[in-house]
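Student: Have a look at this one before I ask anything.
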Amino acid sequence: MLPVSFDFQDYADSMATPITGTRILPAAPVASSSVLQALAGIVTPHLSDNLARREGVAGLHRYNRSGKLVGTALTVKTRPGDNLMIYKAMMMVQPGHVLVIDAGGDLSNAVLGEIMKRYLQVHGCAGVVVDGAIRDVGAFEADSFPCYARGHSHRGPYKDGPGEVNVPVSIGGQVIQPGDLLVGDEDGLVSFPAEEAEALIAAARAHADKEARIMEEIAGGSKTQSWMQAAFAAKGLA
């Protein structure tokens, strides 16, 4: 017998609430074009140096031989070797989203390949980041579509689930939240919260100006350089 206070609507609502392992949550809005354009002109070392030199994704390889990754994270967490929920995430992509896939770092089966790449390109995806395996490597190497992955395998994926969309994921030791910004180039990948973008852009630009002044000093030909001396002085070696 149900208790007198039992509320059928509350019960129905509770049963409809997604549980861990099955959640498909709304995608975060894409960052403004002005922010994305500014980040496109900044190299990842200048961002990383202003993120305490400890932030950033490690252990992934860049498969595109040209092009730069800049966009807003749309995340998916899937069982290793399975891409069923990646399909769900792909259908939510808006122009400027980066599809960020936590596949557990497993390389047994590829979870993304050329067909999925083409679908994402048609729908304006800014690139893919896969902590797991891809396949059809030649298609990625011949394209400017940004792709970072742990590795590759000819073996294709299963389509059984489970998985979750737009939840926090772990990519190469970095926790990435839905809506975080990602920037990737030849040196690697960095990610950071969207609300930090303006301050980080300003800091990175100042960093670039500082390095330009150092290059000018080097061009002067002196063996003794102020930037070297500053490092020595900080350790009492000047």
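Numbering starts fresh at 1 for the residues of each chain in the structure tokens, the chains themselves are lettered A, B, ... in the order given, and ligands are numbered from 1 as they appear.
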What residues in range 11-211 of chain A get the DSSP label strand (DSSP E)? Please answer as an NGL selection string.
Tutor: :A and (61-62 or 69-78 or 97-102 or 110-112 or 127-134 or 147-152 or 163-165 or 169-171 or 174-176 or 181-185 or 188-192)
Student: Range 49-113 of chain A near range 186-195 of chain A within 12 Å: what's each residue's closest atom pair and its distance in Å to one decimal, counting only C-alpha atoms, ordered by chain then ascending residue number, as JSON lines?
Tutor:
{"residue": "A:Asp49", "atom": "CA", "partner": "A:Val190", "partner_atom": "CA", "distance": 10.6}
{"residue": "A:Asn50", "atom": "CA", "partner": "A:Val190", "partner_atom": "CA", "distance": 11.0}
{"residue": "A:Leu51", "atom": "CA", "partner": "A:Phe192", "partner_atom": "CA", "distance": 8.6}
{"residue": "A:Ala52", "atom": "CA", "partner": "A:Val190", "partner_atom": "CA", "distance": 11.9}
{"residue": "A:Arg53", "atom": "CA", "partner": "A:Val190", "partner_atom": "CA", "distance": 10.4}
{"residue": "A:Arg54", "atom": "CA", "partner": "A:Val190", "partner_atom": "CA", "distance": 10.0}
{"residue": "A:Glu55", "atom": "CA", "partner": "A:Val190", "partner_atom": "CA", "distance": 6.9}
{"residue": "A:Gly56", "atom": "CA", "partner": "A:Val190", "partner_atom": "CA", "distance": 4.3}
{"residue": "A:Val57", "atom": "CA", "partner": "A:Leu189", "partner_atom": "CA", "distance": 5.5}
{"residue": "A:Ala58", "atom": "CA", "partner": "A:Leu189", "partner_atom": "CA", "distance": 7.8}
{"residue": "A:Gly59", "atom": "CA", "partner": "A:Gly188", "partner_atom": "CA", "distance": 9.0}
{"residue": "A:Leu60", "atom": "CA", "partner": "A:Gly188", "partner_atom": "CA", "distance": 7.8}
{"residue": "A:His61", "atom": "CA", "partner": "A:Gly188", "partner_atom": "CA", "distance": 7.9}
{"residue": "A:Arg62", "atom": "CA", "partner": "A:Glu186", "partner_atom": "CA", "distance": 7.2}
{"residue": "A:Tyr63", "atom": "CA", "partner": "A:Glu186", "partner_atom": "CA", "distance": 10.0}
{"residue": "A:Asn64", "atom": "CA", "partner": "A:Glu186", "partner_atom": "CA", "distance": 9.5}
{"residue": "A:Arg65", "atom": "CA", "partner": "A:Glu186", "partner_atom": "CA", "distance": 8.6}
{"residue": "A:Ser66", "atom": "CA", "partner": "A:Glu186", "partner_atom": "CA", "distance": 8.8}
{"residue": "A:Gly67", "atom": "CA", "partner": "A:Glu186", "partner_atom": "CA", "distance": 9.3}
{"residue": "A:Lys68", "atom": "CA", "partner": "A:Glu186", "partner_atom": "CA", "distance": 8.3}
{"residue": "A:Leu69", "atom": "CA", "partner": "A:Leu189", "partner_atom": "CA", "distance": 8.5}
{"residue": "A:Val70", "atom": "CA", "partner": "A:Leu189", "partner_atom": "CA", "distance": 9.8}
{"residue": "A:Gly71", "atom": "CA", "partner": "A:Ser191", "partner_atom": "CA", "distance": 9.8}
{"residue": "A:Thr72", "atom": "CA", "partner": "A:Ala194", "partner_atom": "CA", "distance": 8.2}
{"residue": "A:Ala73", "atom": "CA", "partner": "A:Ser191", "partner_atom": "CA", "distance": 8.9}
{"residue": "A:Val98", "atom": "CA", "partner": "A:Ser191", "partner_atom": "CA", "distance": 11.2}
{"residue": "A:Val100", "atom": "CA", "partner": "A:Ser191", "partner_atom": "CA", "distance": 11.0}
Student: Limited to N, CA, C and O atoms, could you put the picked residues into a file as a compact mmCIF listing (two decimals), in the first residue's frame?
Tutor:
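Result file follows (out35.txt):
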# COMPACT_ATOMS: atom_id res chain seq x y z
N ASP A 49 51.68 29.15 -20.58
CA ASP A 49 52.55 29.87 -19.66
C ASP A 49 51.77 30.76 -18.70
O ASP A 49 52.26 31.10 -17.62
N ASN A 50 50.56 31.14 -19.09
CA ASN A 50 49.71 31.96 -18.23
C ASN A 50 48.62 31.15 -17.54
O ASN A 50 47.68 31.71 -16.97
N LEU A 51 48.77 29.83 -17.59
CA LEU A 51 47.90 28.92 -16.85
C LEU A 51 48.76 28.10 -15.88
O LEU A 51 48.58 26.89 -15.72
N ALA A 52 49.74 28.79 -15.28
CA ALA A 52 50.62 28.20 -14.27
C ALA A 52 51.54 27.11 -14.81
O ALA A 52 52.17 26.40 -14.04
N ARG A 53 51.59 26.96 -16.13
CA ARG A 53 52.47 25.98 -16.78
C ARG A 53 52.19 24.54 -16.33
O ARG A 53 53.07 23.68 -16.42
N ARG A 54 50.98 24.30 -15.85
CA ARG A 54 50.64 22.93 -15.43
C ARG A 54 49.30 22.49 -16.00
O ARG A 54 48.92 21.34 -15.84
N GLU A 55 48.59 23.41 -16.67
CA GLU A 55 47.31 23.05 -17.25
C GLU A 55 47.51 22.54 -18.67
O GLU A 55 48.49 22.88 -19.33
N GLY A 56 46.59 21.75 -19.15
CA GLY A 56 46.67 21.30 -20.52
C GLY A 56 46.59 19.80 -20.66
O GLY A 56 46.87 19.05 -19.72
N VAL A 57 46.21 19.39 -21.84
CA VAL A 57 46.04 17.97 -22.16
C VAL A 57 47.39 17.36 -22.50
O VAL A 57 48.18 17.96 -23.24
N ALA A 58 47.68 16.17 -21.98
CA ALA A 58 48.95 15.50 -22.25
C ALA A 58 48.70 14.15 -22.91
O ALA A 58 47.71 13.47 -22.62
N GLY A 59 49.61 13.75 -23.81
CA GLY A 59 49.60 12.39 -24.35
C GLY A 59 48.77 12.17 -25.60
O GLY A 59 48.70 11.04 -26.10
N LEU A 60 48.14 13.22 -26.13
CA LEU A 60 47.37 13.06 -27.37
C LEU A 60 48.22 13.50 -28.57
O LEU A 60 49.12 14.34 -28.43
N HIS A 61 47.91 12.93 -29.73
CA HIS A 61 48.66 13.24 -30.95
C HIS A 61 47.79 14.06 -31.90
O HIS A 61 46.58 13.84 -32.00
N ARG A 62 48.41 14.98 -32.60
CA ARG A 62 47.71 15.81 -33.60
C ARG A 62 47.74 15.06 -34.94
O ARG A 62 48.81 14.76 -35.46
N TYR A 63 46.55 14.79 -35.48
CA TYR A 63 46.47 14.02 -36.72
C TYR A 63 46.29 14.89 -37.96
O TYR A 63 46.59 14.44 -39.06
N ASN A 64 45.79 16.09 -37.82
CA ASN A 64 45.71 17.01 -38.96
C ASN A 64 47.06 17.67 -39.15
O ASN A 64 47.73 18.04 -38.19
N ARG A 65 47.47 17.84 -40.40
CA ARG A 65 48.78 18.42 -40.67
C ARG A 65 48.72 19.92 -40.92
O ARG A 65 49.75 20.58 -41.11
N SER A 66 47.52 20.48 -40.94
CA SER A 66 47.34 21.93 -41.02
C SER A 66 46.05 22.27 -40.29
O SER A 66 45.25 21.39 -39.97
N GLY A 67 45.85 23.55 -40.04
CA GLY A 67 44.64 23.96 -39.35
C GLY A 67 44.85 24.06 -37.85
O GLY A 67 45.72 23.39 -37.28
N LYS A 68 44.06 24.92 -37.22
CA LYS A 68 44.15 25.16 -35.78
C LYS A 68 42.81 24.91 -35.13
O LYS A 68 41.77 25.25 -35.69
N LEU A 69 42.83 24.31 -33.95
CA LEU A 69 41.61 24.02 -33.22
C LEU A 69 41.31 25.17 -32.25
O LEU A 69 42.14 25.52 -31.42
N VAL A 70 40.12 25.76 -32.38
CA VAL A 70 39.63 26.77 -31.45
C VAL A 70 38.13 26.59 -31.35
O VAL A 70 37.42 26.64 -32.36
N GLY A 71 37.61 26.38 -30.14
CA GLY A 71 36.17 26.24 -30.01
C GLY A 71 35.74 25.92 -28.59
O GLY A 71 36.54 25.92 -27.65
N THR A 72 34.45 25.67 -28.46
CA THR A 72 33.79 25.42 -27.18
C THR A 72 33.49 23.93 -27.02
O THR A 72 32.95 23.31 -27.94
N ALA A 73 33.79 23.39 -25.86
CA ALA A 73 33.66 21.95 -25.64
C ALA A 73 32.21 21.49 -25.57
O ALA A 73 31.40 22.03 -24.82
N VAL A 98 33.60 22.04 -30.26
CA VAL A 98 34.62 21.00 -30.36
C VAL A 98 34.06 19.75 -29.70
O VAL A 98 33.64 19.80 -28.54
N VAL A 100 34.48 16.68 -27.72
CA VAL A 100 35.51 16.20 -26.80
C VAL A 100 35.05 14.85 -26.25
O VAL A 100 34.05 14.77 -25.54
Student: Please determine, counting only C-alpha atoms, which residue among A:Leu74, A:Ala212, A:Ala197, A:Ala38 has the shortest atom-to-atom distance to Glu164 in chain A.
Tutor: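 Going through A:Leu74, A:Ala212, A:Ala197, A:Ala38 one by one, the smallest distance to Glu164 in chain A is for A:Leu74.
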Student: Rank nothing, just name the residue among A:Leu25, A:Ile134, A:Leu181, A:Val129 nearest to Ser108 in chain A, using only C-alpha atoms.
Tutor: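 Of all the options, A:Ile134 lies closest to Ser108 in chain A.
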Student: Hey, which of A:Gly105, A:Pro45, A:Gly172, A:Gly124 ends up closest to Phe145 in chain A? Count only C-alpha atoms.
Tutor: A:Gly124
Student: Which of these, A:Val183, A:Ile214, A:Val30, A:Val128, has the shortest distance to Ile201 in chain A once you count only C-alpha atoms?
Tutor: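 Once distances to Ile201 in chain A are computed over only C-alpha atoms, the minimum belongs to A:Val183.
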Student: So which one's closest to Val76 in chain A, A:Cys125, A:Ile115, A:Val165, A:Ala149? Using only C-alpha atoms, please.
Tutor: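 For Val76 in chain A, the nearest of the given residues is A:Val165.
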Student: What gap, in Å, lies between CA of Pro26 in chain A and CA of Asp185 in chain A?
Tutor: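 Result for CA of Pro26 in chain A versus CA of Asp185 in chain A: 27.9 Å, one decimal.
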Student: Hey, what's within 6 Å of range 152-157 of chain A if we count only C-alpha atoms and toss same-chain stuff fewer than 3 positions away? As an MDAnalysis selection string, please?
Tutor: chainID A and resid 81:82 109:111 133:135
Student: Quick one: everything within 10 Å of Ile86 in chain A, counting only C-alpha atoms, minus sequence neighbours fewer than 5 positions away in the same chain. Send it as a list in words.
Tutor: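 Here the qualifying residues turn out to be Thr75, Val76, Lys77, Thr78, Met91, Leu99, Val100, Ile101, Asp102, Ala103, Val111, Leu112, Met116, Lys159, Gly161, Gly163, Glu164 and Val165 of chain A.
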Student: CA of Glu198 in chain A and CA of Val35 in chain A, how far apart in Å?
Tutor: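 The value is 7.4 Å.
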Student: To test your reading of the structure, identify every residue in range 16-219 of chain A that backbone DSSP assigns to helix (DSSP H, G or I), and report it as a PyMOL selection string.
Tutor: chain A and resi 16+33-40+44-48+84-90+114-122+137-141+194-219
